[in-house]
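Enquirer: Sharing run25.txt below, compact mmCIF, C-alpha atoms:
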```txt
# COMPACT_ATOMS: atom_id res chain seq x y z
CA GLN A 15 3.06 -9.21 19.57
CA GLN A 16 3.34 -7.95 16.02
CA GLN A 17 0.13 -5.93 16.16
CA VAL A 18 -0.20 -2.18 16.05
CA LYS A 19 -3.51 -1.01 17.50
CA GLN A 20 -4.92 2.25 16.15
CA SER A 21 -7.81 4.39 17.36
CA PRO A 22 -10.25 5.88 16.68
CA GLN A 23 -11.55 4.13 13.59
CA SER A 24 -13.11 7.38 12.37
CA LEU A 25 -12.88 11.01 13.37
CA ILE A 26 -14.83 14.14 12.50
CA VAL A 27 -13.23 17.51 13.26
CA GLN A 28 -14.23 21.07 12.54
CA LYS A 29 -11.99 23.18 10.33
CA GLY A 30 -9.26 24.73 12.45
CA GLY A 31 -9.55 22.07 15.14
CA ILE A 32 -7.00 19.52 16.33
CA SER A 33 -7.15 15.94 15.08
CA ILE A 34 -5.61 13.30 17.35
CA ILE A 35 -4.99 9.69 16.36
CA ASN A 36 -3.47 7.16 18.74
CA CYS A 37 -1.49 3.96 18.24
CA ALA A 38 -0.07 1.33 20.56
CA TYR A 39 2.42 -1.45 19.93
CA GLU A 40 3.74 -4.46 21.84
CA ASN A 41 6.99 -5.45 20.21
CA THR A 42 9.79 -3.52 21.92
CA ALA A 43 12.09 -4.31 18.99
CA PHE A 44 10.24 -1.74 16.88
CA ASP A 45 12.39 1.35 16.48
CA TYR A 46 10.82 3.24 13.61
CA PHE A 47 7.30 4.67 13.59
CA PRO A 48 6.00 6.34 10.41
CA TRP A 49 2.59 7.84 9.74
CA TYR A 50 1.04 7.58 6.30
CA GLN A 51 -1.81 9.49 4.68
CA GLN A 52 -3.93 7.80 2.05
CA PHE A 53 -6.49 9.38 -0.26
CA PRO A 54 -9.06 7.26 -2.13
CA GLY A 55 -7.53 5.56 -5.14
CA LYS A 56 -4.00 6.43 -4.07
CA GLY A 57 -1.19 4.68 -2.27
CA PRO A 58 -0.08 5.67 1.24
CA ALA A 59 2.14 8.75 1.34
CA LEU A 60 4.57 9.37 4.19
CA LEU A 61 3.61 12.27 6.47
CA ILE A 62 6.10 12.13 9.30
CA ALA A 63 8.13 9.53 11.17
CA ILE A 64 9.82 9.21 14.55
CA ARG A 65 12.38 7.04 16.30
CA PRO A 66 12.21 6.16 20.02
CA ASP A 67 15.16 8.37 20.98
CA VAL A 68 12.93 11.46 20.83
CA SER A 69 9.58 12.09 22.50
CA GLU A 70 8.18 14.52 19.96
CA LYS A 71 8.70 15.50 16.34
CA LYS A 72 7.00 18.34 14.55
CA GLU A 73 6.75 19.06 10.84
CA GLY A 74 4.47 21.93 9.93
CA ARG A 75 0.97 21.22 11.26
CA PHE A 76 1.82 17.57 12.00
CA THR A 77 3.30 16.42 15.32
CA ILE A 78 4.13 12.94 16.56
CA SER A 79 4.23 12.36 20.30
CA PHE A 80 6.01 9.21 21.45
CA ASN A 81 5.81 7.50 24.86
CA LYS A 82 8.36 4.70 24.92
CA SER A 83 7.48 3.39 28.39
CA ALA A 84 3.79 3.11 27.50
CA LYS A 85 4.57 1.83 23.99
CA GLN A 86 2.24 4.41 22.52
CA PHE A 87 2.52 7.12 19.91
CA SER A 88 0.09 9.61 18.48
CA LEU A 89 -0.38 11.98 15.57
CA HIS A 90 -1.66 15.49 16.14
CA ILE A 91 -2.88 17.56 13.19
CA MET A 92 -3.11 21.19 14.20
CA ASP A 93 -5.42 23.65 12.41
CA SER A 94 -7.08 20.79 10.54
CA GLN A 95 -8.24 21.63 7.01
CA PRO A 96 -10.81 20.01 4.70
CA GLY A 97 -7.89 18.94 2.49
CA ASP A 98 -6.65 16.81 5.39
CA SER A 99 -9.69 14.55 4.99
CA ALA A 100 -8.15 11.16 4.29
CA THR A 101 -7.32 7.86 5.96
CA TYR A 102 -4.31 7.89 8.26
CA PHE A 103 -2.23 4.85 9.11
CA CYS A 104 0.36 4.46 11.80
CA ALA A 105 3.02 1.83 11.31
CA ALA A 106 5.94 0.30 13.15
CA GLY A 107 9.11 -1.31 11.90
CA ILE A 108 12.58 -2.47 12.82
CA SER A 109 15.48 -0.54 11.30
CA GLY A 110 17.08 -2.34 8.41
CA THR A 111 14.16 -4.67 7.74
CA TYR A 112 11.86 -2.34 5.79
CA LYS A 113 8.96 -4.52 6.94
CA TYR A 114 6.21 -2.36 8.41
CA ILE A 115 3.29 -3.45 10.57
CA PHE A 116 0.37 -1.12 9.93
CA GLY A 117 -2.50 -0.09 12.12
CA THR A 118 -6.05 -0.51 10.86
CA GLY A 119 -6.40 3.14 9.86
CA THR A 120 -8.39 6.21 10.93
CA ARG A 121 -10.76 7.86 8.51
CA LEU A 122 -10.58 11.61 9.16
CA LYS A 123 -13.20 14.03 7.93
CA VAL A 124 -12.63 17.75 8.44
CA LEU A 125 -15.78 19.81 8.11
CA ALA A 126 -15.55 23.17 6.34
CA ASP B 7 11.96 11.90 -10.90
CA ALA B 8 9.38 9.12 -11.21
CA GLY B 9 8.13 7.59 -8.02
CA VAL B 10 7.03 4.00 -7.59
CA THR B 11 4.96 2.90 -10.58
CA GLN B 12 2.65 -0.10 -10.68
CA SER B 13 0.77 -1.81 -13.47
CA PRO B 14 -1.93 -2.52 -14.25
CA THR B 15 -4.11 -0.09 -12.30
CA HIS B 16 -7.10 -2.42 -12.19
CA LEU B 17 -7.53 -6.10 -12.92
CA ILE B 18 -10.47 -8.48 -12.87
CA LYS B 19 -9.92 -12.22 -12.63
CA THR B 20 -11.97 -15.28 -11.80
CA ARG B 21 -11.36 -17.87 -9.11
CA GLY B 22 -8.61 -20.32 -9.90
CA GLN B 23 -6.82 -18.06 -12.36
CA GLN B 24 -3.29 -16.71 -12.00
CA VAL B 25 -2.23 -13.06 -12.00
CA THR B 26 1.02 -11.10 -12.34
CA LEU B 27 1.39 -7.57 -11.01
CA ARG B 28 4.33 -5.34 -11.83
CA CYS B 29 6.28 -2.65 -9.99
CA SER B 30 9.07 -0.24 -10.88
CA PRO B 31 10.78 1.22 -7.82
CA LYS B 32 11.63 4.87 -7.27
CA SER B 33 14.87 5.89 -8.93
CA GLY B 34 17.83 5.04 -6.70
CA HIS B 35 15.93 2.42 -4.69
CA ASP B 36 17.00 -1.22 -4.68
CA THR B 37 14.53 -2.92 -2.33
CA VAL B 38 10.93 -3.72 -3.19
CA SER B 39 8.25 -4.79 -0.73
CA TRP B 40 4.74 -5.93 -1.55
CA TYR B 41 1.68 -5.34 0.62
CA GLN B 42 -1.95 -6.43 0.41
CA GLN B 43 -4.57 -3.93 1.53
CA ALA B 44 -8.08 -5.28 1.96
CA LEU B 45 -10.95 -2.80 1.85
CA GLY B 46 -11.04 -0.73 5.03
CA GLN B 47 -7.86 -2.28 6.43
CA GLY B 48 -4.22 -1.36 6.75
CA PRO B 49 -1.63 -2.79 4.37
CA GLN B 50 -0.28 -6.24 5.25
CA PHE B 51 3.27 -7.23 4.37
CA ILE B 52 3.53 -10.02 1.80
CA PHE B 53 7.26 -10.22 1.06
CA GLN B 54 10.32 -8.22 0.16
CA TYR B 55 12.99 -8.50 -2.53
CA TYR B 56 16.57 -7.30 -2.49
CA GLU B 57 19.37 -8.34 -4.82
CA GLU B 58 16.88 -10.48 -6.74
CA GLU B 59 16.15 -12.64 -3.70
CA GLU B 60 13.22 -12.87 -1.32
CA ARG B 61 14.57 -11.53 1.96
CA GLN B 62 11.53 -11.53 4.20
CA ARG B 63 8.05 -12.94 4.05
CA GLY B 64 4.82 -12.25 5.90
CA ASN B 65 2.03 -14.70 6.71
CA PHE B 66 0.94 -15.41 3.16
CA PRO B 67 0.66 -18.84 1.50
CA ASP B 68 3.09 -19.92 -1.18
CA ARG B 69 0.42 -19.19 -3.80
CA PHE B 70 1.98 -15.74 -3.52
CA SER B 71 5.37 -15.58 -5.18
CA GLY B 72 7.57 -12.90 -6.62
CA HIS B 73 10.58 -11.96 -8.60
CA GLN B 74 13.03 -9.08 -8.80
CA TYR B 75 14.97 -8.22 -11.94
CA PRO B 76 18.50 -6.78 -12.23
CA ASN B 77 17.00 -3.32 -12.84
CA TYR B 78 15.27 -3.66 -9.42
CA SER B 79 11.76 -3.90 -10.88
CA SER B 80 9.60 -6.60 -9.38
CA GLU B 81 6.63 -8.84 -10.02
CA LEU B 82 4.05 -10.33 -7.69
CA ASN B 83 2.43 -13.56 -8.84
CA VAL B 84 -0.65 -15.08 -7.28
CA ASN B 85 -1.80 -18.56 -8.31
CA ALA B 86 -5.14 -20.30 -7.79
CA LEU B 87 -6.92 -17.05 -7.03
CA LEU B 88 -9.52 -17.03 -4.27
CA LEU B 89 -12.32 -14.56 -3.66
CA GLY B 90 -10.43 -13.42 -0.57
CA ASP B 91 -7.51 -12.28 -2.72
CA SER B 92 -9.58 -9.30 -3.84
CA ALA B 93 -7.64 -6.29 -2.55
CA LEU B 94 -5.40 -3.38 -3.40
CA TYR B 95 -1.84 -4.63 -3.91
CA LEU B 96 0.78 -2.06 -3.05
CA CYS B 97 4.42 -1.97 -3.97
CA ALA B 98 6.87 -0.02 -1.83
CA SER B 99 10.51 0.74 -2.53
CA SER B 100 13.43 1.76 -0.37
CA SER B 101 17.21 1.85 -0.43
CA VAL B 102 19.35 -0.40 1.70
CA ARG B 103 22.47 1.59 0.96
CA GLY B 104 21.19 4.82 2.45
CA ARG B 105 19.43 3.11 5.37
CA ALA B 106 16.60 5.01 3.80
CA GLN B 107 13.48 4.36 5.72
CA PRO B 108 10.75 5.39 4.92
CA GLN B 109 9.45 3.35 2.12
CA HIS B 110 7.71 5.03 -0.80
CA PHE B 111 4.48 3.46 -2.01
CA GLY B 112 2.94 3.26 -5.45
CA ASP B 113 -0.76 3.78 -6.05
CA GLY B 114 -1.39 0.07 -6.22
CA THR B 115 -3.18 -2.45 -8.41
CA ARG B 116 -6.83 -3.04 -7.57
CA LEU B 117 -7.47 -6.78 -8.04
CA SER B 118 -11.04 -8.01 -8.13
CA ILE B 119 -11.83 -11.72 -8.12
CA LEU B 120 -15.21 -12.85 -9.45
```
Just give me the structure of the file as structure tokens.
Expert:
Amino acid sequence: QQQVKQSPQSLIVQKGGISIINCAYENTAFDYFPWYQQFPGKGPALLIAIRPDVSEKKEGRFTISFNKSAKQFSLHIMDSQPGDSATYFCAAGISGTYKYIFGTGTRLKVLA
Amino acid sequence: DAGVTQSPTHLIKTRGQQVTLRCSPKSGHDTVSWYQQALGQGPQFIFQYYEEEERQRGNFPDRFSGHQYPNYSSELNVNALLLGDSALYLCASSSVRGRAQPQHFGDGTRLSIL
């Protein structure tokens, strides 16, 4: 019940295309859903986060869509760029605990 | 404003040895969490320290222990190292006072066990 399932494992997108990464969770107590970007040799860096009281949040080229009833959320990267090539992790947590459950990651490659 | 800093960057140990990893949280943060990230996997929560006490713990054996100092910096200790302990160990900091999620991560310590 603590798992966060992430797909796809890897993704190849042309420059300018849309990258879509999906996650699903089971624990309905989760109320905070961040996405992290990780480059080789670096720690995860926060991209964008959402709480279940909204269905969508947009920051620049990055959008989170959230479906509370389906217990699913997704990251959309619009106008994908080669510099976006990295591993992306979704995560879920309970407010006040600061304990995140991470997905297994999606390795994104954007072709120039 | 320095972010989360971890030391050392890389470490090589042999089976059975003990290791100590160090973390300084982002300025203004008072809570430190430790994660283990195996190659090709997502980070897994080890434990968390606040007010110099372990507040939460993940599914890790008691070979993994920690400490938090009054200046909020933290250490992760692993005893009786196993080959399976080879991983990137990440420290993340946050602030309880500001209900400040998200956590900010350091760049980790790469631990290799021979």
Enquirer: Residues of chain B within 6 Å of chain A, counting all atoms listed in the file, what are they? List them as a PyMOL selection string.
Expert: chain B and resi 47-48+111-113
Enquirer: Mind listing whatever residues come within 8 Å of the point (4.6, -3.6, 17.4)? Use only C-alpha atoms, file coordinates, and give them as a ChimeraX atom specification.
Expert: /A:15-18,38-44,106-107,115
Enquirer: Just the number, please: distance in Å from atom CA of A:Ser83 to atom CA of A:Glu70, one decimal.
Expert: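 Separating atom CA of A:Ser83 from atom CA of A:Glu70 is a distance of 14.0 Å.
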Enquirer: In Å, how far is it from atom CA of B:Leu87 to atom CA of B:Gln24?
Expert: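 Atom CA of B:Gln24 lies 6.2 Å from atom CA of B:Leu87.
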Enquirer: Report as JSON the centre and the edge lengths, in Å to one decimal, of the axis-aligned box holding every listed atom of stretch 107-112 of chain A, padded by 3 Å on each side.
Expert:
```
{"center_x": 13.1, "center_y": -2.6, "center_z": 9.3, "size_x": 14.0, "size_y": 10.1, "size_z": 13.0}
```
Enquirer: Give me, as a PDB file with C-alpha atoms, in the coordinates of the input, all polymer residues having an atom no more than 7 Å from B:His35, counting only C-alpha atoms and skipping those fewer than 6 positions away in the same chain.
Expert:
```
ATOM      1  CA  SER B  99      10.510   0.740  -2.530  1.00  0.00           C
ATOM      2  CA  SER B 100      13.430   1.760  -0.370  1.00  0.00           C
ATOM      3  CA  SER B 101      17.210   1.850  -0.430  1.00  0.00           C
TER       4      SER B 101
END
```
Enquirer: Hey, what's within 6 Å of A:Leu89 if we count only C-alpha atoms and toss same-chain stuff fewer than 4 positions away? As a list in words, please?
Expert: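 Residues near the query, excluding close chain neighbours: Ile34, Ile35, Thr77 and Ile78 of chain A.
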Enquirer: Restricting the output to C-alpha atoms, write the selected residues as a PDB file, in the frame of the given file.
Expert:
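File produced: part_15.pdb:
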```
ATOM      1  CA  ILE A  34      -5.610  13.300  17.350  1.00  0.00           C
ATOM      2  CA  ILE A  35      -4.990   9.690  16.360  1.00  0.00           C
ATOM      3  CA  THR A  77       3.300  16.420  15.320  1.00  0.00           C
ATOM      4  CA  ILE A  78       4.130  12.940  16.560  1.00  0.00           C
TER       5      ILE A  78
END
```
Enquirer: Between A:Ser33, A:Gln95, A:Ser21, A:Asn81, which residue has the minimum interatomic distance to A:Ile64, considering only C-alpha atoms?
Expert: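 Among A:Ser33, A:Gln95, A:Ser21, A:Asn81, it is A:Asn81 that comes nearest to A:Ile64.
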Enquirer: Just give me the residues with any atom within 6 Å of (-9.1, -23.4, -9.1), file coordinates, counting all atoms listed in the file, written as a PyMOL selection string.
Expert: chain B and resi 21-22+86
Enquirer: Please write the residues from the selection above to a file, keeping C-alpha atoms, as a PDB file, in the coordinates of the input.
Expert:
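The file below, part.pdb, is the result:
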```pdb
ATOM      1  CA  ARG B  21     -11.360 -17.870  -9.110  1.00  0.00           C
ATOM      2  CA  GLY B  22      -8.610 -20.320  -9.900  1.00  0.00           C
ATOM      3  CA  ALA B  86      -5.140 -20.300  -7.790  1.00  0.00           C
TER       4      ALA B  86
END
```
Enquirer: What separation in Å, quoted to one decimal, exists between atom CA of A:Lys123 and atom CA of B:Thr115?
Expert: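 Separation of atom CA of A:Lys123 and atom CA of B:Thr115: 25.3 Å.
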Enquirer: Rebuild stretch 35-46 of chain A so that it carries all heavy atoms, then output the result as a PDB file, in the coordinates of the input.
Expert:
```
ATOM      1  N   ILE A  35      -4.879  11.118  16.661  1.00  0.00           N
ATOM      2  CA  ILE A  35      -4.990   9.690  16.360  1.00  0.00           C
ATOM      3  C   ILE A  35      -3.933   8.959  17.198  1.00  0.00           C
ATOM      4  O   ILE A  35      -2.789   9.396  17.268  1.00  0.00           O
ATOM      5  CB  ILE A  35      -4.756   9.411  14.865  1.00  0.00           C
ATOM      6  CG1 ILE A  35      -5.746  10.234  14.014  1.00  0.00           C
ATOM      7  CG2 ILE A  35      -4.921   7.916  14.576  1.00  0.00           C
ATOM      8  CD1 ILE A  35      -5.449  10.201  12.525  1.00  0.00           C
ATOM      9  N   ASN A  36      -4.344   7.865  17.810  1.00  0.00           N
ATOM     10  CA  ASN A  36      -3.470   7.160  18.740  1.00  0.00           C
ATOM     11  C   ASN A  36      -3.125   5.756  18.253  1.00  0.00           C
ATOM     12  O   ASN A  36      -3.961   5.088  17.622  1.00  0.00           O
ATOM     13  CB  ASN A  36      -4.153   7.046  20.107  1.00  0.00           C
ATOM     14  CG  ASN A  36      -4.474   8.404  20.676  1.00  0.00           C
ATOM     15  OD1 ASN A  36      -3.589   9.222  20.923  1.00  0.00           O
ATOM     16  ND2 ASN A  36      -5.754   8.675  20.869  1.00  0.00           N
ATOM     17  N   CYS A  37      -1.922   5.322  18.573  1.00  0.00           N
ATOM     18  CA  CYS A  37      -1.490   3.960  18.240  1.00  0.00           C
ATOM     19  C   CYS A  37      -0.715   3.360  19.406  1.00  0.00           C
ATOM     20  O   CYS A  37      -0.054   4.091  20.158  1.00  0.00           O
ATOM     21  CB  CYS A  37      -0.630   3.953  16.977  1.00  0.00           C
ATOM     22  SG  CYS A  37      -1.602   4.182  15.482  1.00  0.00           S
ATOM     23  N   ALA A  38      -0.797   2.046  19.521  1.00  0.00           N
ATOM     24  CA  ALA A  38      -0.070   1.330  20.560  1.00  0.00           C
ATOM     25  C   ALA A  38       0.554   0.080  19.945  1.00  0.00           C
ATOM     26  O   ALA A  38      -0.019  -0.526  19.039  1.00  0.00           O
ATOM     27  CB  ALA A  38      -1.004   0.951  21.696  1.00  0.00           C
ATOM     28  N   TYR A  39       1.724  -0.277  20.451  1.00  0.00           N
ATOM     29  CA  TYR A  39       2.420  -1.450  19.930  1.00  0.00           C
ATOM     30  C   TYR A  39       2.886  -2.305  21.096  1.00  0.00           C
ATOM     31  O   TYR A  39       2.895  -1.858  22.246  1.00  0.00           O
ATOM     32  CB  TYR A  39       3.594  -1.026  19.049  1.00  0.00           C
ATOM     33  CG  TYR A  39       4.678  -0.279  19.783  1.00  0.00           C
ATOM     34  CD1 TYR A  39       5.826  -0.924  20.235  1.00  0.00           C
ATOM     35  CD2 TYR A  39       4.554   1.081  20.028  1.00  0.00           C
ATOM     36  CE1 TYR A  39       6.815  -0.237  20.911  1.00  0.00           C
ATOM     37  CE2 TYR A  39       5.540   1.774  20.698  1.00  0.00           C
ATOM     38  CZ  TYR A  39       6.665   1.118  21.148  1.00  0.00           C
ATOM     39  OH  TYR A  39       7.648   1.810  21.819  1.00  0.00           O
ATOM     40  N   GLU A  40       3.286  -3.539  20.794  1.00  0.00           N
ATOM     41  CA  GLU A  40       3.740  -4.460  21.840  1.00  0.00           C
ATOM     42  C   GLU A  40       5.199  -4.847  21.690  1.00  0.00           C
ATOM     43  O   GLU A  40       5.899  -5.059  22.682  1.00  0.00           O
ATOM     44  CB  GLU A  40       2.854  -5.703  21.844  1.00  0.00           C
ATOM     45  CG  GLU A  40       1.386  -5.414  22.182  1.00  0.00           C
ATOM     46  CD  GLU A  40       0.518  -6.658  22.083  1.00  0.00           C
ATOM     47  OE1 GLU A  40       1.037  -7.712  21.664  1.00  0.00           O
ATOM     48  OE2 GLU A  40      -0.675  -6.581  22.423  1.00  0.00           O
ATOM     49  N   ASN A  41       5.639  -4.960  20.457  1.00  0.00           N
ATOM     50  CA  ASN A  41       6.990  -5.450  20.210  1.00  0.00           C
ATOM     51  C   ASN A  41       8.023  -4.359  20.489  1.00  0.00           C
ATOM     52  O   ASN A  41       8.128  -3.378  19.757  1.00  0.00           O
ATOM     53  CB  ASN A  41       7.101  -5.922  18.750  1.00  0.00           C
ATOM     54  CG  ASN A  41       8.404  -6.626  18.466  1.00  0.00           C
ATOM     55  OD1 ASN A  41       9.332  -6.594  19.259  1.00  0.00           O
ATOM     56  ND2 ASN A  41       8.485  -7.268  17.319  1.00  0.00           N
ATOM     57  N   THR A  42       8.811  -4.538  21.539  1.00  0.00           N
ATOM     58  CA  THR A  42       9.790  -3.520  21.920  1.00  0.00           C
ATOM     59  C   THR A  42      10.970  -3.441  20.958  1.00  0.00           C
ATOM     60  O   THR A  42      11.809  -2.552  21.069  1.00  0.00           O
ATOM     61  CB  THR A  42      10.313  -3.782  23.339  1.00  0.00           C
ATOM     62  OG1 THR A  42      10.829  -5.119  23.398  1.00  0.00           O
ATOM     63  CG2 THR A  42       9.199  -3.647  24.362  1.00  0.00           C
ATOM     64  N   ALA A  43      11.029  -4.361  20.003  1.00  0.00           N
ATOM     65  CA  ALA A  43      12.090  -4.310  18.990  1.00  0.00           C
ATOM     66  C   ALA A  43      11.810  -3.238  17.933  1.00  0.00           C
ATOM     67  O   ALA A  43      12.712  -2.824  17.209  1.00  0.00           O
ATOM     68  CB  ALA A  43      12.260  -5.667  18.328  1.00  0.00           C
ATOM     69  N   PHE A  44      10.564  -2.794  17.848  1.00  0.00           N
ATOM     70  CA  PHE A  44      10.240  -1.740  16.880  1.00  0.00           C
ATOM     71  C   PHE A  44      11.019  -0.474  17.221  1.00  0.00           C
ATOM     72  O   PHE A  44      11.039  -0.038  18.375  1.00  0.00           O
ATOM     73  CB  PHE A  44       8.744  -1.427  16.890  1.00  0.00           C
ATOM     74  CG  PHE A  44       7.881  -2.511  16.313  1.00  0.00           C
ATOM     75  CD1 PHE A  44       6.612  -2.747  16.820  1.00  0.00           C
ATOM     76  CD2 PHE A  44       8.309  -3.268  15.234  1.00  0.00           C
ATOM     77  CE1 PHE A  44       5.795  -3.733  16.289  1.00  0.00           C
ATOM     78  CE2 PHE A  44       7.510  -4.256  14.693  1.00  0.00           C
ATOM     79  CZ  PHE A  44       6.249  -4.493  15.224  1.00  0.00           C
ATOM     80  N   ASP A  45      11.639   0.132  16.214  1.00  0.00           N
ATOM     81  CA  ASP A  45      12.390   1.350  16.480  1.00  0.00           C
ATOM     82  C   ASP A  45      12.182   2.406  15.402  1.00  0.00           C
ATOM     83  O   ASP A  45      12.988   3.340  15.269  1.00  0.00           O
ATOM     84  CB  ASP A  45      13.883   1.047  16.649  1.00  0.00           C
ATOM     85  CG  ASP A  45      14.501   0.445  15.387  1.00  0.00           C
ATOM     86  OD1 ASP A  45      13.759   0.196  14.414  1.00  0.00           O
ATOM     87  OD2 ASP A  45      15.720   0.221  15.391  1.00  0.00           O
ATOM     88  N   TYR A  46      11.122   2.258  14.641  1.00  0.00           N
ATOM     89  CA  TYR A  46      10.820   3.240  13.610  1.00  0.00           C
ATOM     90  C   TYR A  46       9.317   3.292  13.451  1.00  0.00           C
ATOM     91  O   TYR A  46       8.671   2.243  13.290  1.00  0.00           O
ATOM     92  CB  TYR A  46      11.501   2.848  12.286  1.00  0.00           C
ATOM     93  CG  TYR A  46      11.302   3.865  11.191  1.00  0.00           C
ATOM     94  CD1 TYR A  46      11.989   5.067  11.205  1.00  0.00           C
ATOM     95  CD2 TYR A  46      10.418   3.621  10.143  1.00  0.00           C
ATOM     96  CE1 TYR A  46      11.803   6.003  10.211  1.00  0.00           C
ATOM     97  CE2 TYR A  46      10.228   4.551   9.154  1.00  0.00           C
ATOM     98  CZ  TYR A  46      10.925   5.746   9.188  1.00  0.00           C
ATOM     99  OH  TYR A  46      10.735   6.671   8.203  1.00  0.00           O
TER     100      TYR A  46
END
```
